[in-house]
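The file final.cif contains mmCIF, C-alpha atoms and all ligand atoms:
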data_my_file
loop_
_atom_site.group_PDB
_atom_site.id
_atom_site.type_symbol
_atom_site.label_atom_id
_atom_site.label_comp_id
_atom_site.auth_asym_id
_atom_site.auth_seq_id
_atom_site.Cartn_x
_atom_site.Cartn_y
_atom_site.Cartn_z
ATOM 1 C CA MET A 1 0.000 0.000 0.000
ATOM 2 C CA GLN A 2 1.368 3.392 -0.994
ATOM 3 C CA LEU A 3 1.091 6.183 1.512
ATOM 4 C CA SER A 4 0.721 9.757 0.358
ATOM 5 C CA ASN A 5 3.480 12.239 1.220
ATOM 6 C CA ARG A 6 1.117 15.146 0.951
ATOM 7 C CA SER A 7 0.178 15.205 4.635
ATOM 8 C CA LYS A 8 0.467 18.618 6.267
ATOM 9 C CA LYS A 9 3.473 19.321 8.479
ATOM 10 C CA MET A 10 2.453 20.172 12.018
ATOM 11 C CA VAL A 11 3.918 23.398 13.321
ATOM 12 C CA VAL A 12 4.327 23.492 17.099
ATOM 13 C CA LYS A 13 4.130 27.049 18.305
ATOM 14 C CA PRO A 14 6.440 27.715 21.270
ATOM 15 C CA MET A 15 4.620 28.718 24.452
ATOM 16 C CA THR A 16 4.951 32.281 25.666
ATOM 17 C CA LEU A 17 6.310 33.015 29.153
ATOM 18 C CA LYS A 18 2.772 33.775 30.356
ATOM 19 C CA GLU A 19 1.538 30.435 29.049
ATOM 20 C CA ARG A 20 4.441 28.579 30.613
ATOM 21 C CA MET A 21 3.707 30.090 34.032
ATOM 22 C CA TYR A 22 0.118 28.707 34.038
ATOM 23 C CA LEU A 23 -0.755 31.035 36.939
ATOM 24 C CA PRO A 24 -2.614 33.683 34.870
ATOM 25 C CA ALA A 25 -4.767 30.948 33.303
ATOM 26 C CA ILE A 26 -5.480 29.428 36.736
ATOM 27 C CA ALA A 27 -6.385 32.871 38.148
ATOM 28 C CA ALA A 28 -8.691 33.566 35.186
ATOM 29 C CA GLY A 29 -10.403 30.178 35.686
ATOM 30 C CA LEU A 30 -10.839 30.803 39.411
ATOM 31 C CA GLY A 31 -12.263 34.246 38.650
ATOM 32 C CA ILE A 32 -14.983 32.695 36.473
ATOM 33 C CA THR A 33 -15.747 30.094 39.178
ATOM 34 C CA ILE A 34 -16.055 32.779 41.886
ATOM 35 C CA LYS A 35 -18.233 34.970 39.637
ATOM 36 C CA HIS A 36 -20.671 32.104 39.106
ATOM 37 C CA PHE A 37 -20.558 31.123 42.781
ATOM 38 C CA PHE A 38 -21.877 34.513 43.907
ATOM 39 C CA ARG A 39 -24.275 35.073 41.039
ATOM 40 C CA LYS A 40 -27.905 35.007 42.191
ATOM 41 C CA LYS A 41 -29.794 32.144 40.591
ATOM 42 C CA PRO A 42 -33.482 31.295 40.983
ATOM 43 C CA THR A 43 -33.833 28.171 43.123
ATOM 44 C CA ILE A 44 -35.755 25.359 41.473
ATOM 45 C CA ARG A 45 -37.131 22.952 44.045
ATOM 46 C CA TYR A 46 -37.088 19.748 41.995
ATOM 47 C CA PRO A 47 -39.155 17.544 41.797
ATOM 48 C CA GLU A 48 -42.025 19.819 42.902
ATOM 49 C CA VAL A 49 -40.880 22.443 40.412
ATOM 50 C CA LYS A 50 -39.482 21.442 37.053
ATOM 51 C CA ARG A 51 -37.741 23.382 34.364
ATOM 52 C CA GLU A 52 -39.454 23.765 31.025
ATOM 53 C CA PHE A 53 -38.311 21.352 28.371
ATOM 54 C CA SER A 54 -36.294 22.726 25.501
ATOM 55 C CA PRO A 55 -38.280 22.861 22.247
ATOM 56 C CA VAL A 56 -35.762 20.430 20.733
ATOM 57 C CA PHE A 57 -35.925 17.923 23.591
ATOM 58 C CA ARG A 58 -36.472 14.317 22.525
ATOM 59 C CA GLY A 59 -37.723 11.873 25.119
ATOM 60 C CA LEU A 60 -39.245 8.426 25.303
ATOM 61 C CA HIS A 61 -40.645 6.998 22.095
ATOM 62 C CA VAL A 62 -44.252 6.212 21.299
ATOM 63 C CA LEU A 63 -45.709 3.993 18.595
ATOM 64 C CA LYS A 64 -48.815 5.722 17.400
ATOM 65 C CA ARG A 65 -52.192 4.410 16.385
ATOM 66 C CA ASP A 66 -54.291 6.083 13.710
ATOM 67 C CA ASP A 67 -57.629 7.788 14.302
ATOM 68 C CA LEU A 68 -59.401 4.418 14.150
ATOM 69 C CA GLY A 69 -57.140 2.919 16.797
ATOM 70 C CA ARG A 70 -55.128 0.794 14.368
ATOM 71 C CA GLU A 71 -51.353 0.501 14.660
ATOM 72 C CA ARG A 72 -49.705 2.694 12.075
ATOM 73 C CA CYS A 73 -46.395 0.835 11.917
ATOM 74 C CA THR A 74 -46.030 -1.316 8.838
ATOM 75 C CA ALA A 75 -42.746 -2.937 9.888
ATOM 76 C CA CYS A 76 -40.860 -1.482 6.928
ATOM 77 C CA GLY A 77 -37.678 -1.365 8.993
ATOM 78 C CA LEU A 78 -36.613 2.130 7.914
ATOM 79 C CA CYS A 79 -36.355 3.319 11.504
ATOM 80 C CA ALA A 80 -34.049 0.415 12.358
ATOM 81 C CA VAL A 81 -31.876 1.148 9.313
ATOM 82 C CA ALA A 82 -31.680 4.838 10.223
ATOM 83 C CA CYS A 83 -30.832 4.152 13.860
ATOM 84 C CA PRO A 84 -27.132 4.885 14.415
ATOM 85 C CA ALA A 85 -27.141 3.014 17.719
ATOM 86 C CA GLU A 86 -28.717 -0.178 16.360
ATOM 87 C CA ALA A 87 -31.216 0.076 19.166
ATOM 88 C CA ILE A 88 -34.313 -1.068 17.276
ATOM 89 C CA THR A 89 -35.280 -4.696 16.737
ATOM 90 C CA MET A 90 -38.403 -5.813 14.933
ATOM 91 C CA ILE A 91 -40.072 -8.864 13.466
ATOM 92 C CA SER A 92 -42.726 -8.274 10.857
ATOM 93 C CA ALA A 93 -45.875 -10.317 10.299
ATOM 94 C CA GLU A 94 -48.647 -10.434 7.715
ATOM 95 C CA ARG A 95 -52.015 -9.098 8.769
ATOM 96 C CA LYS A 96 -54.621 -11.877 8.825
ATOM 97 C CA LYS A 97 -58.196 -11.637 7.735
ATOM 98 C CA GLY A 98 -60.251 -10.048 10.477
ATOM 99 C CA GLU A 99 -57.301 -8.026 11.840
ATOM 100 C CA GLU A 100 -58.041 -4.952 9.714
ATOM 101 C CA GLY A 101 -59.237 -3.135 12.807
ATOM 102 C CA LEU A 102 -55.918 -3.745 14.593
ATOM 103 C CA TYR A 103 -53.341 -2.962 11.933
ATOM 104 C CA ARG A 104 -53.624 -0.312 9.273
ATOM 105 C CA GLU A 105 -51.332 -1.931 6.715
ATOM 106 C CA GLU A 106 -51.022 -5.469 5.388
ATOM 107 C CA LYS A 107 -47.801 -5.900 7.340
ATOM 108 C CA TYR A 108 -47.262 -4.987 10.950
ATOM 109 C CA ALA A 109 -44.561 -5.316 13.582
ATOM 110 C CA GLU A 110 -45.237 -8.436 15.594
ATOM 111 C CA VAL A 111 -42.216 -7.546 17.703
ATOM 112 C CA TYR A 112 -40.937 -4.008 18.010
ATOM 113 C CA GLU A 113 -38.319 -3.276 20.629
ATOM 114 C CA ILE A 114 -36.097 -0.346 21.484
ATOM 115 C CA ASN A 115 -33.114 -0.824 23.733
ATOM 116 C CA MET A 116 -33.065 2.381 25.763
ATOM 117 C CA LEU A 117 -29.526 1.751 26.948
ATOM 118 C CA ARG A 118 -28.334 1.935 23.370
ATOM 119 C CA CYS A 119 -30.644 4.735 22.270
ATOM 120 C CA ILE A 120 -29.071 8.179 22.062
ATOM 121 C CA PHE A 121 -32.428 9.945 21.517
ATOM 122 C CA CYS A 122 -31.306 11.420 18.227
ATOM 123 C CA GLY A 123 -34.775 11.253 16.647
ATOM 124 C CA LEU A 124 -33.603 9.745 13.370
ATOM 125 C CA CYS A 125 -36.116 6.898 13.661
ATOM 126 C CA GLU A 126 -38.895 9.496 13.802
ATOM 127 C CA HIS A 127 -37.611 11.194 10.687
ATOM 128 C CA ALA A 128 -37.139 7.971 8.772
ATOM 129 C CA CYS A 129 -40.675 6.722 9.389
ATOM 130 C CA PRO A 130 -42.880 7.107 6.297
ATOM 131 C CA LYS A 131 -46.033 6.314 8.276
ATOM 132 C CA ALA A 132 -45.598 8.850 11.088
ATOM 133 C CA ALA A 133 -45.843 5.856 13.392
ATOM 134 C CA ILE A 134 -43.036 6.618 15.797
ATOM 135 C CA TYR A 135 -42.022 9.793 17.538
ATOM 136 C CA LEU A 136 -40.085 10.889 20.570
ATOM 137 C CA GLN A 137 -42.130 12.621 23.222
ATOM 138 C CA PRO A 138 -41.158 16.265 23.687
ATOM 139 C CA ASP A 139 -41.697 16.219 27.455
ATOM 140 C CA VAL A 140 -41.150 12.720 28.876
ATOM 141 C CA MET A 141 -37.694 11.611 29.924
ATOM 142 C CA ALA A 142 -36.531 8.007 30.033
ATOM 143 C CA PRO A 143 -36.742 6.865 33.653
ATOM 144 C CA ALA A 144 -33.944 5.345 35.709
ATOM 145 C CA PHE A 145 -33.564 1.626 35.078
ATOM 146 C CA TYR A 146 -32.757 -0.946 37.727
ATOM 147 C CA SER A 147 -32.411 -4.052 35.584
ATOM 148 C CA ARG A 148 -31.383 -4.930 32.042
ATOM 149 C CA GLU A 149 -34.877 -6.247 31.260
ATOM 150 C CA GLU A 150 -36.411 -2.853 32.015
ATOM 151 C CA VAL A 151 -34.371 -1.077 29.367
ATOM 152 C CA ILE A 152 -36.008 -3.001 26.534
ATOM 153 C CA TYR A 153 -39.165 -1.152 25.567
ATOM 154 C CA GLY A 154 -41.413 -3.552 23.723
ATOM 155 C CA LYS A 155 -44.381 -2.700 21.564
ATOM 156 C CA ASP A 156 -46.718 -2.972 24.541
ATOM 157 C CA ARG A 157 -45.025 -0.109 26.374
ATOM 158 C CA LEU A 158 -44.427 1.967 23.246
ATOM 159 C CA VAL A 159 -48.068 1.739 22.161
ATOM 160 C CA GLU A 160 -49.151 2.320 25.745
ATOM 161 C CA ASN A 161 -47.125 5.552 25.758
ATOM 162 C CA ALA A 162 -49.008 6.630 22.632
ATOM 163 C CA ASP A 163 -52.376 5.774 24.163
ATOM 164 C CA LYS A 164 -51.532 7.737 27.314
ATOM 165 C CA ARG A 165 -50.693 10.793 25.230
ATOM 166 C CA ALA A 166 -53.773 10.433 23.068
ATOM 167 C CA ASN A 167 -55.991 10.114 26.166
ATOM 168 C CA ALA A 168 -54.401 13.229 27.628
ATOM 169 C CA GLY A 169 -54.995 15.088 24.359
ATOM 170 C CA LEU A 170 -51.257 15.468 23.805
ATOM 171 C CA ASP A 171 -50.905 13.415 20.646
ATOM 172 C CA ARG A 172 -48.852 14.944 17.869
ATOM 173 C CA VAL A 173 -50.865 15.113 14.634
ATOM 174 C CA ASN A 174 -48.073 14.405 12.181
ATOM 175 C CA GLY A 175 -45.681 12.776 14.559
ATOM 176 C CA VAL A 176 -42.737 14.447 12.836
ATOM 177 C CA ARG A 177 -40.870 17.616 13.677
ATOM 178 C CA LYS A 178 -37.922 19.357 12.141
ATOM 179 C CA LEU A 179 -34.462 18.304 13.242
ATOM 180 C CA SER A 180 -32.682 21.182 14.894
HETATM 181 S S1 LIG B 1 -33.771 7.988 18.808
HETATM 182 FE FE1 LIG B 1 -31.958 7.563 17.533
HETATM 183 S S2 LIG B 1 -30.796 6.087 18.704
HETATM 184 FE FE2 LIG B 1 -32.835 6.092 19.588
HETATM 185 S S3 LIG B 1 -33.927 4.461 18.563
HETATM 186 FE FE3 LIG B 1 -34.342 6.339 17.402
HETATM 187 S S4 LIG B 1 -32.766 6.407 15.807
HETATM 188 FE FE4 LIG B 1 -32.108 4.910 17.341
HETATM 189 S S1 LIG B 2 -41.999 2.752 12.956
HETATM 190 FE FE1 LIG B 2 -42.172 3.608 10.897
HETATM 191 S S2 LIG B 2 -40.143 3.338 9.997
HETATM 192 FE FE2 LIG B 2 -40.252 1.986 11.770
HETATM 193 S S3 LIG B 2 -40.920 0.035 10.947
HETATM 194 FE FE3 LIG B 2 -42.744 1.124 11.629
HETATM 195 S S4 LIG B 2 -43.486 2.183 9.797
HETATM 196 FE FE4 LIG B 2 -41.371 1.579 9.379
#
Transcribe the structure of this file into C-alpha cells.
Amino acid sequence: MQLSNRSKKMVVKPMTLKERMYLPAIAAGLGITIKHFFRKKPTIRYPEVKREFSPVFRGLHVLKRDDLGRERCTACGLCAVACPAEAITMISAERKKGEEGLYREEKYAEVYEINMLRCIFCGLCEHACPKAAIYLQPDVMAPAFYSREEVIYGKDRLVENADKRANAGLDRVNGVRKLS
C-alpha cells in the first residue's frame, strides 16, 4: 500500500512566558468560578418544580395508532436502518383476515423493541418513518432503570405511551418535527 506524502506538516508554536507560568490561566479560571458562585440564581425545588423542556428535547418513544385505533407501523424497517445506535429490533408479520381493525397496513410489527440503553435519543427513527408511526415525546424523559430487562421497551409499552398521550390530548398530529 502506498502512503501519500502530501500530509500537512504540524507546526508546534512555542509557548509564551505567560503560558508557561500557568498562573494567569489558573487565576482567570478561578475568577470565572467565583463569579458564578456569587451570582444570584433562581432556586428550582425539583421535583415539585421542574424546568421547562427545551423545544428540541427528545424523550421516550411512542408507537402511534391512527384515528381508528389501528397501529400505524407497517414494519418497513426504515427506523431500524436509520438508527445509528442499532437500538431497534423488529419482526414483521402479515395481517390476517379479520385483523383490519388492529393494523392499518397489510404488514405490521409483531415484535418491536427499542433498547433504551443503546438509544441516544437522536430522533432519526422518527424522521425515517414514512407512516408517522413513531415519535419521541417532547416532554417525557426516560426513567432510571434498575435491571437490564427494564431497558427493553417492547411494543406494549411503546403503544401504551401513545395511548396515554392520546388520552391526555397530547398526541402529535403528524408525529414528525424538524431536526434542529
Ligand atoms: S432515537 Fe436515535 S438512537 Fe434512539 S432508537 Fe431512534 S434512531 Fe435509534
Ligand atoms: S416505525 Fe415507521 S419506519 Fe419503523 S418500521 Fe414502523 S413504519 Fe417503518
| task | Check every protein, DNA and RNA residue against ligand LIG 1 (chain B), keep those with an atom at most 9 Å away (counting only C-alpha atoms and all ligand atoms), and present them as a PyMOL selection string. | result | chain A and resi 58-61+79-88+114-116+118-128+134-136
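Taking atom CA of Pro143 of chain A and atom FE2 of ligand LIG 2 (chain B) as endpoints, the distance between them is 22.7 Å.
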Where does chain A meet ligand LIG 2 (chain B) within 7 Å, residue by residue, with the nearest atom pair and distance in Å to one decimal for each, counting all atoms listed in the file, listed by chain and rising number, as JSON lines?
{"residue": "A:Leu63", "atom": "CA", "partner": "B:LIG2", "partner_atom": "S1", "distance": 6.9}
{"residue": "A:Arg72", "atom": "CA", "partner": "B:LIG2", "partner_atom": "S4", "distance": 6.6}
{"residue": "A:Cys73", "atom": "CA", "partner": "B:LIG2", "partner_atom": "FE3", "distance": 3.7}
{"residue": "A:Thr74", "atom": "CA", "partner": "B:LIG2", "partner_atom": "S4", "distance": 4.4}
{"residue": "A:Ala75", "atom": "CA", "partner": "B:LIG2", "partner_atom": "S3", "distance": 3.6}
{"residue": "A:Cys76", "atom": "CA", "partner": "B:LIG2", "partner_atom": "FE4", "distance": 4.0}
{"residue": "A:Gly77", "atom": "CA", "partner": "B:LIG2", "partner_atom": "S3", "distance": 4.0}
{"residue": "A:Leu78", "atom": "CA", "partner": "B:LIG2", "partner_atom": "S2", "distance": 4.3}
{"residue": "A:Cys79", "atom": "CA", "partner": "B:LIG2", "partner_atom": "S2", "distance": 4.1}
{"residue": "A:Ala80", "atom": "CA", "partner": "B:LIG2", "partner_atom": "FE2", "distance": 6.4}
{"residue": "A:Ala109", "atom": "CA", "partner": "B:LIG2", "partner_atom": "FE3", "distance": 7.0}
{"residue": "A:Cys125", "atom": "CA", "partner": "B:LIG2", "partner_atom": "S2", "distance": 6.5}
{"residue": "A:Ala128", "atom": "CA", "partner": "B:LIG2", "partner_atom": "S2", "distance": 5.7}
{"residue": "A:Cys129", "atom": "CA", "partner": "B:LIG2", "partner_atom": "S2", "distance": 3.5}
{"residue": "A:Pro130", "atom": "CA", "partner": "B:LIG2", "partner_atom": "FE1", "distance": 5.8}
{"residue": "A:Lys131", "atom": "CA", "partner": "B:LIG2", "partner_atom": "S4", "distance": 5.1}
{"residue": "A:Ala132", "atom": "CA", "partner": "B:LIG2", "partner_atom": "FE1", "distance": 6.3}
{"residue": "A:Ala133", "atom": "CA", "partner": "B:LIG2", "partner_atom": "S1", "distance": 5.0}
{"residue": "A:Ile134", "atom": "CA", "partner": "B:LIG2", "partner_atom": "S1", "distance": 4.9}
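The interatomic distance for the pair atom CA of Glu94 of chain A and atom CA of Arg157 of chain A works out to 21.6 Å.
Between atom CA of Ser92 of chain A and atom CA of Lys107 of chain A the separation is 6.6 Å.
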| request: Please provide the set of residues having any atom within 12 Å of Asn167 of chain A, restricted to all atoms listed in the file, with same-chain residues fewer than 5 positions apart removed, written as JSON, numbers by chain. | output: {"A": [65, 69, 160, 161, 162, 172]}
| remark: Among A:Asp163, A:Asp139, A:Glu100, A:Glu106, Phe57 of chain A is approached most closely, using only C-alpha atoms, by A:Asp139
Give the padded box for segment 135-146 of chain A as JSON: axis-aligned, covering all atoms listed in the file, 5 Å on each side, centre and edge lengths in Å to one decimal.
{"center_x": -37.4, "center_y": 7.7, "center_z": 27.6, "size_x": 19.4, "size_y": 27.2, "size_z": 30.2}
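Using all atoms listed in the file, the shortest contact distance between Leu170 of chain A and any of A:Gly154, A:Gly101, A:Val62, A:Glu71 is found at A:Val62.
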